[in-house]
$ cat query-v8.cif   # mmCIF, N, CA and C atoms
data_model
#
loop_
_atom_site.label_atom_id
_atom_site.label_comp_id
_atom_site.auth_asym_id
_atom_site.auth_seq_id
_atom_site.Cartn_x
_atom_site.Cartn_y
_atom_site.Cartn_z
N MET A 1 -17.27 -11.96 13.25
CA MET A 1 -16.43 -11.01 13.96
C MET A 1 -15.91 -9.95 12.98
N ALA A 2 -15.98 -8.72 13.40
CA ALA A 2 -15.54 -7.63 12.54
C ALA A 2 -14.02 -7.60 12.43
N ALA A 3 -13.54 -7.10 11.31
CA ALA A 3 -12.10 -6.93 11.13
C ALA A 3 -11.62 -5.75 11.99
N ASP A 4 -10.32 -5.66 12.15
CA ASP A 4 -9.74 -4.61 12.97
C ASP A 4 -9.88 -3.25 12.32
N PRO A 5 -10.22 -2.21 13.11
CA PRO A 5 -10.17 -0.85 12.55
C PRO A 5 -8.74 -0.47 12.22
N LEU A 6 -8.58 0.50 11.35
CA LEU A 6 -7.24 0.88 10.90
C LEU A 6 -6.56 1.80 11.92
N THR A 7 -6.21 1.22 13.05
CA THR A 7 -5.46 1.94 14.08
C THR A 7 -3.99 2.03 13.67
N PRO A 8 -3.20 2.87 14.34
CA PRO A 8 -1.76 2.90 14.05
C PRO A 8 -1.10 1.53 14.21
N ALA A 9 -1.53 0.74 15.18
CA ALA A 9 -0.95 -0.60 15.37
C ALA A 9 -1.26 -1.51 14.18
N VAL A 10 -2.48 -1.45 13.69
CA VAL A 10 -2.86 -2.26 12.52
C VAL A 10 -2.10 -1.77 11.29
N SER A 11 -1.98 -0.46 11.14
CA SER A 11 -1.19 0.11 10.05
C SER A 11 0.24 -0.43 10.09
N ASP A 12 0.84 -0.41 11.28
CA ASP A 12 2.22 -0.91 11.42
C ASP A 12 2.33 -2.37 11.02
N ARG A 13 1.34 -3.17 11.41
CA ARG A 13 1.35 -4.60 11.09
C ARG A 13 1.26 -4.81 9.58
N ILE A 14 0.35 -4.09 8.92
CA ILE A 14 0.20 -4.20 7.47
C ILE A 14 1.50 -3.77 6.78
N CYS A 15 2.07 -2.64 7.23
CA CYS A 15 3.29 -2.14 6.59
C CYS A 15 4.45 -3.11 6.76
N LYS A 16 4.60 -3.67 7.96
CA LYS A 16 5.68 -4.64 8.18
C LYS A 16 5.53 -5.84 7.26
N HIS A 17 4.31 -6.34 7.15
CA HIS A 17 4.04 -7.49 6.27
C HIS A 17 4.36 -7.14 4.82
N MET A 18 3.91 -5.99 4.36
CA MET A 18 4.15 -5.60 2.97
C MET A 18 5.63 -5.40 2.70
N ASN A 19 6.33 -4.72 3.60
CA ASN A 19 7.76 -4.45 3.40
C ASN A 19 8.59 -5.73 3.49
N ASP A 20 8.21 -6.64 4.39
CA ASP A 20 8.98 -7.87 4.58
C ASP A 20 8.69 -8.91 3.50
N ASP A 21 7.42 -9.03 3.13
CA ASP A 21 7.01 -10.14 2.27
C ASP A 21 6.61 -9.74 0.85
N HIS A 22 6.34 -8.47 0.63
CA HIS A 22 5.84 -8.03 -0.68
C HIS A 22 6.53 -6.74 -1.12
N ALA A 23 7.83 -6.68 -0.96
CA ALA A 23 8.59 -5.45 -1.28
C ALA A 23 8.40 -5.04 -2.74
N GLU A 24 8.37 -6.01 -3.64
CA GLU A 24 8.18 -5.68 -5.06
C GLU A 24 6.82 -5.05 -5.32
N ALA A 25 5.81 -5.50 -4.58
CA ALA A 25 4.48 -4.91 -4.72
C ALA A 25 4.50 -3.45 -4.31
N VAL A 26 5.22 -3.12 -3.24
CA VAL A 26 5.28 -1.74 -2.77
C VAL A 26 5.93 -0.85 -3.83
N VAL A 27 6.99 -1.35 -4.46
CA VAL A 27 7.61 -0.61 -5.56
C VAL A 27 6.60 -0.44 -6.71
N SER A 28 5.83 -1.47 -6.98
CA SER A 28 4.83 -1.39 -8.05
C SER A 28 3.76 -0.35 -7.75
N TYR A 29 3.33 -0.25 -6.49
CA TYR A 29 2.36 0.80 -6.13
C TYR A 29 2.94 2.17 -6.44
N ALA A 30 4.22 2.37 -6.08
CA ALA A 30 4.87 3.67 -6.31
C ALA A 30 4.94 3.98 -7.81
N ARG A 31 5.30 2.98 -8.59
CA ARG A 31 5.43 3.18 -10.04
C ARG A 31 4.09 3.42 -10.71
N HIS A 32 3.13 2.54 -10.42
CA HIS A 32 1.86 2.57 -11.15
C HIS A 32 0.91 3.63 -10.62
N TYR A 33 0.73 3.69 -9.31
CA TYR A 33 -0.25 4.60 -8.72
C TYR A 33 0.36 5.92 -8.28
N GLY A 34 1.65 5.90 -7.95
CA GLY A 34 2.31 7.12 -7.50
C GLY A 34 2.97 7.90 -8.61
N GLY A 35 3.04 7.30 -9.80
CA GLY A 35 3.61 8.00 -10.94
C GLY A 35 5.13 8.13 -10.91
N VAL A 36 5.80 7.32 -10.08
CA VAL A 36 7.27 7.38 -9.98
C VAL A 36 7.81 6.21 -10.80
N ALA A 37 7.88 6.40 -12.11
CA ALA A 37 8.25 5.31 -13.01
C ALA A 37 9.63 4.74 -12.72
N SER A 38 10.51 5.58 -12.19
CA SER A 38 11.89 5.14 -11.96
C SER A 38 12.11 4.59 -10.55
N ALA A 39 11.04 4.37 -9.79
CA ALA A 39 11.18 3.91 -8.40
C ALA A 39 12.03 2.64 -8.32
N GLN A 40 13.02 2.66 -7.45
CA GLN A 40 13.87 1.50 -7.22
C GLN A 40 13.64 0.88 -5.85
N LEU A 41 13.46 1.73 -4.84
CA LEU A 41 13.30 1.26 -3.47
C LEU A 41 12.09 1.95 -2.86
N ALA A 42 11.14 1.19 -2.39
CA ALA A 42 9.94 1.77 -1.77
C ALA A 42 9.61 1.00 -0.51
N ARG A 43 9.21 1.76 0.49
CA ARG A 43 8.75 1.18 1.75
C ARG A 43 7.39 1.77 2.08
N MET A 44 6.52 0.93 2.61
CA MET A 44 5.21 1.38 3.07
C MET A 44 5.38 1.85 4.51
N LEU A 45 5.04 3.12 4.75
CA LEU A 45 5.22 3.71 6.09
C LEU A 45 3.94 3.68 6.91
N ALA A 46 2.80 3.85 6.25
CA ALA A 46 1.53 3.89 6.97
C ALA A 46 0.37 3.65 6.03
N ILE A 47 -0.71 3.13 6.59
CA ILE A 47 -1.97 2.96 5.87
C ILE A 47 -3.02 3.72 6.68
N THR A 48 -3.69 4.65 6.03
CA THR A 48 -4.83 5.33 6.65
C THR A 48 -6.06 4.95 5.84
N PRO A 49 -7.24 5.27 6.34
CA PRO A 49 -8.43 4.94 5.53
C PRO A 49 -8.43 5.59 4.15
N GLU A 50 -7.70 6.72 4.01
CA GLU A 50 -7.74 7.45 2.74
C GLU A 50 -6.59 7.12 1.80
N ALA A 51 -5.43 6.70 2.33
CA ALA A 51 -4.24 6.58 1.47
C ALA A 51 -3.17 5.72 2.12
N MET A 52 -2.21 5.31 1.28
CA MET A 52 -0.99 4.69 1.80
C MET A 52 0.13 5.73 1.72
N GLN A 53 0.94 5.76 2.76
CA GLN A 53 2.10 6.65 2.79
C GLN A 53 3.33 5.79 2.49
N LEU A 54 4.05 6.15 1.44
CA LEU A 54 5.24 5.41 1.05
C LEU A 54 6.46 6.30 1.17
N GLU A 55 7.61 5.67 1.26
CA GLU A 55 8.87 6.36 1.07
C GLU A 55 9.50 5.73 -0.16
N VAL A 56 9.69 6.53 -1.20
CA VAL A 56 10.18 6.03 -2.49
C VAL A 56 11.51 6.69 -2.79
N ASP A 57 12.57 5.86 -2.83
CA ASP A 57 13.92 6.38 -3.07
C ASP A 57 14.21 7.59 -2.17
N GLY A 58 13.79 7.48 -0.91
CA GLY A 58 14.07 8.51 0.08
C GLY A 58 13.09 9.66 0.14
N GLN A 59 12.10 9.68 -0.76
CA GLN A 59 11.14 10.78 -0.82
C GLN A 59 9.75 10.29 -0.37
N PRO A 60 9.00 11.13 0.36
CA PRO A 60 7.65 10.72 0.76
C PRO A 60 6.70 10.74 -0.43
N LEU A 61 5.77 9.80 -0.44
CA LEU A 61 4.78 9.71 -1.52
C LEU A 61 3.47 9.24 -0.91
N ARG A 62 2.40 9.95 -1.24
CA ARG A 62 1.06 9.56 -0.78
C ARG A 62 0.30 9.00 -1.97
N VAL A 63 -0.25 7.80 -1.80
CA VAL A 63 -1.06 7.18 -2.85
C VAL A 63 -2.48 7.01 -2.29
N ALA A 64 -3.41 7.78 -2.84
CA ALA A 64 -4.79 7.75 -2.35
C ALA A 64 -5.49 6.48 -2.83
N PHE A 65 -6.40 5.98 -2.00
CA PHE A 65 -7.25 4.86 -2.38
C PHE A 65 -8.47 5.39 -3.13
N ASP A 66 -9.15 4.50 -3.85
CA ASP A 66 -10.33 4.93 -4.62
C ASP A 66 -11.58 5.01 -3.76
N HIS A 67 -11.47 4.62 -2.49
CA HIS A 67 -12.57 4.75 -1.54
C HIS A 67 -11.96 4.80 -0.14
N VAL A 68 -12.73 5.19 0.84
CA VAL A 68 -12.25 5.21 2.22
C VAL A 68 -12.33 3.80 2.78
N LEU A 69 -11.20 3.30 3.26
CA LEU A 69 -11.15 1.94 3.77
C LEU A 69 -11.92 1.81 5.08
N ALA A 70 -12.68 0.73 5.20
CA ALA A 70 -13.51 0.52 6.39
C ALA A 70 -12.71 -0.09 7.54
N ASP A 71 -11.80 -1.02 7.22
CA ASP A 71 -11.10 -1.77 8.26
C ASP A 71 -9.92 -2.52 7.64
N SER A 72 -9.27 -3.35 8.44
CA SER A 72 -8.08 -4.05 7.97
C SER A 72 -8.39 -5.01 6.81
N GLU A 73 -9.56 -5.63 6.86
CA GLU A 73 -9.96 -6.55 5.78
C GLU A 73 -10.14 -5.79 4.47
N ASP A 74 -10.76 -4.62 4.54
CA ASP A 74 -10.94 -3.77 3.37
C ASP A 74 -9.56 -3.35 2.84
N ALA A 75 -8.65 -3.02 3.75
CA ALA A 75 -7.29 -2.64 3.33
C ALA A 75 -6.64 -3.78 2.56
N HIS A 76 -6.75 -5.00 3.07
CA HIS A 76 -6.15 -6.16 2.39
C HIS A 76 -6.76 -6.35 1.01
N ARG A 77 -8.09 -6.35 0.96
CA ARG A 77 -8.77 -6.55 -0.33
C ARG A 77 -8.38 -5.46 -1.33
N THR A 78 -8.29 -4.23 -0.85
CA THR A 78 -7.98 -3.10 -1.73
C THR A 78 -6.55 -3.18 -2.24
N LEU A 79 -5.59 -3.51 -1.37
CA LEU A 79 -4.20 -3.63 -1.81
C LEU A 79 -4.05 -4.74 -2.85
N VAL A 80 -4.73 -5.86 -2.64
CA VAL A 80 -4.69 -6.96 -3.61
C VAL A 80 -5.33 -6.54 -4.93
N ALA A 81 -6.48 -5.87 -4.86
CA ALA A 81 -7.17 -5.44 -6.07
C ALA A 81 -6.33 -4.44 -6.85
N MET A 82 -5.63 -3.54 -6.13
CA MET A 82 -4.77 -2.57 -6.81
C MET A 82 -3.65 -3.27 -7.55
N LEU A 83 -3.08 -4.30 -6.96
CA LEU A 83 -2.03 -5.06 -7.65
C LEU A 83 -2.58 -5.74 -8.89
N ARG A 84 -3.75 -6.36 -8.75
CA ARG A 84 -4.34 -7.10 -9.88
C ARG A 84 -4.74 -6.18 -11.02
N ALA A 85 -5.01 -4.92 -10.71
CA ALA A 85 -5.45 -3.97 -11.73
C ALA A 85 -4.28 -3.45 -12.58
N MET A 86 -3.06 -3.68 -12.12
CA MET A 86 -1.90 -3.19 -12.86
C MET A 86 -1.65 -4.02 -14.10
N PRO A 87 -0.99 -3.45 -15.10
CA PRO A 87 -0.55 -4.26 -16.24
C PRO A 87 0.29 -5.43 -15.73
N GLN A 88 0.24 -6.54 -16.41
CA GLN A 88 0.87 -7.80 -16.01
C GLN A 88 0.19 -8.43 -14.81
N GLY A 89 -0.83 -7.77 -14.25
CA GLY A 89 -1.60 -8.36 -13.18
C GLY A 89 -1.01 -8.31 -11.80
N GLN A 90 0.27 -8.00 -11.68
CA GLN A 90 0.88 -7.95 -10.35
C GLN A 90 2.18 -7.18 -10.37
N GLY A 91 2.68 -6.92 -9.16
CA GLY A 91 3.92 -6.18 -9.05
C GLY A 91 5.08 -7.09 -8.78
#

$ encode --input "query-v8.cif" --output "structure tokens"
Amino acid sequence: MAADPLTPAVSDRICKHMNDDHAEAVVSYARHYGGVASAQLARMLAITPEAMQLEVDGQPLRVAFDHVLADSEDAHRTLVAMLRAMPQGQG
């Protein structure tokens, strides 16, 4: 069975999960990939095939992916891989 396409509903589900269960990872994405070294508070607002939209300390931030995401499974694998690629291995 194919994974879910990245619809707005799937984006909302991923963002809720990341914000509720992996808040530190979202801050790490902002710091490492978004270049906001001083990020204190970050929320994931949306996931599109091209990028994640974050709100970092009240400011919008777009973090592009290194490829166009195919579906929700690709989004999960990519978010995990991005965390593992950071120094210390995780956020």

$ residues_around --input "query-v8.cif" --residues "region 8-20 of chain A" --least-positions-apart "6" --cutoff "6 Å" --atoms "all atoms listed in the file" --output "count of residues only"
5

$ axis_aligned_box --input "query-v8.cif" --around "region 69-81 of chain A" --padding-each-side "4 Å" --output "lines of an AutoDock Vina configuration file"
center_x = -8.8
center_y = -1.8
center_z = 0.8
size_x = 17.5
size_y = 18.3
size_z = 23.3

$ residues_near_point --input "query-v8.cif" --point "(2.9, 4.8, -6.8)" --cutoff "12 Å" --atoms "only C-alpha atoms" --output "MDAnalysis selection string"
chainID A and resid 24:44 51:57 59:65 82:83 86 91

$ select_by_dssp --input "query-v8.cif" --residues "chain A" --states "strand (DSSP E)" --output "list in words"
Ala42, Arg43, Met44, Leu45, Ala46, Ile47, Ala51, Met52, Gln53, Leu54, Glu55, Val56, Gln59, Pro60, Leu61, Arg62, Val63 and Ala64 of chain A

$ atom_distance --input "query-v8.cif" --atom1 "CA of Thr7 (chain A)" --atom2 "CA of Arg84 (chain A)"
25.6 Å

$ residues_around --input "query-v8.cif" --residues "region 71-76 of chain A" --least-positions-apart "6" --cutoff "5 Å" --atoms "all atoms listed in the file" --output "list in words"
Ala3, Asp4, Pro5 and Leu6 of chain A

$ write_last_selection --input "query-v8.cif" --atoms "N, CA and C atoms" --output "JSON list (two decimals), in the frame of the given file"
[["chain", "number", "residue", "atom", "x", "y", "z"],
["A", 3, "ALA", "N", -13.54, -7.10, 11.31],
["A", 3, "ALA", "CA", -12.10, -6.93, 11.13],
["A", 3, "ALA", "C", -11.62, -5.75, 11.99],
["A", 4, "ASP", "N", -10.32, -5.66, 12.15],
["A", 4, "ASP", "CA", -9.74, -4.61, 12.97],
["A", 4, "ASP", "C", -9.88, -3.25, 12.32],
["A", 5, "PRO", "N", -10.22, -2.21, 13.11],
["A", 5, "PRO", "CA", -10.17, -0.85, 12.55],
["A", 5, "PRO", "C", -8.74, -0.47, 12.22],
["A", 6, "LEU", "N", -8.58, 0.50, 11.35],
["A", 6, "LEU", "CA", -7.24, 0.88, 10.90],
["A", 6, "LEU", "C", -6.56, 1.80, 11.92]]

$ select_by_dssp --input "query-v8.cif" --residues "chain A" --states "helix (DSSP H, G or I)" --output "NGL selection string"
:A and (8-21 or 23-32 or 72-85)

$ resolve_selection --input "query-v8.cif" --expression "the PyMOL selection byres ((chain A and resi 69) around 5)" --output "ChimeraX atom specification"
/A:49-50,67-68,70-71
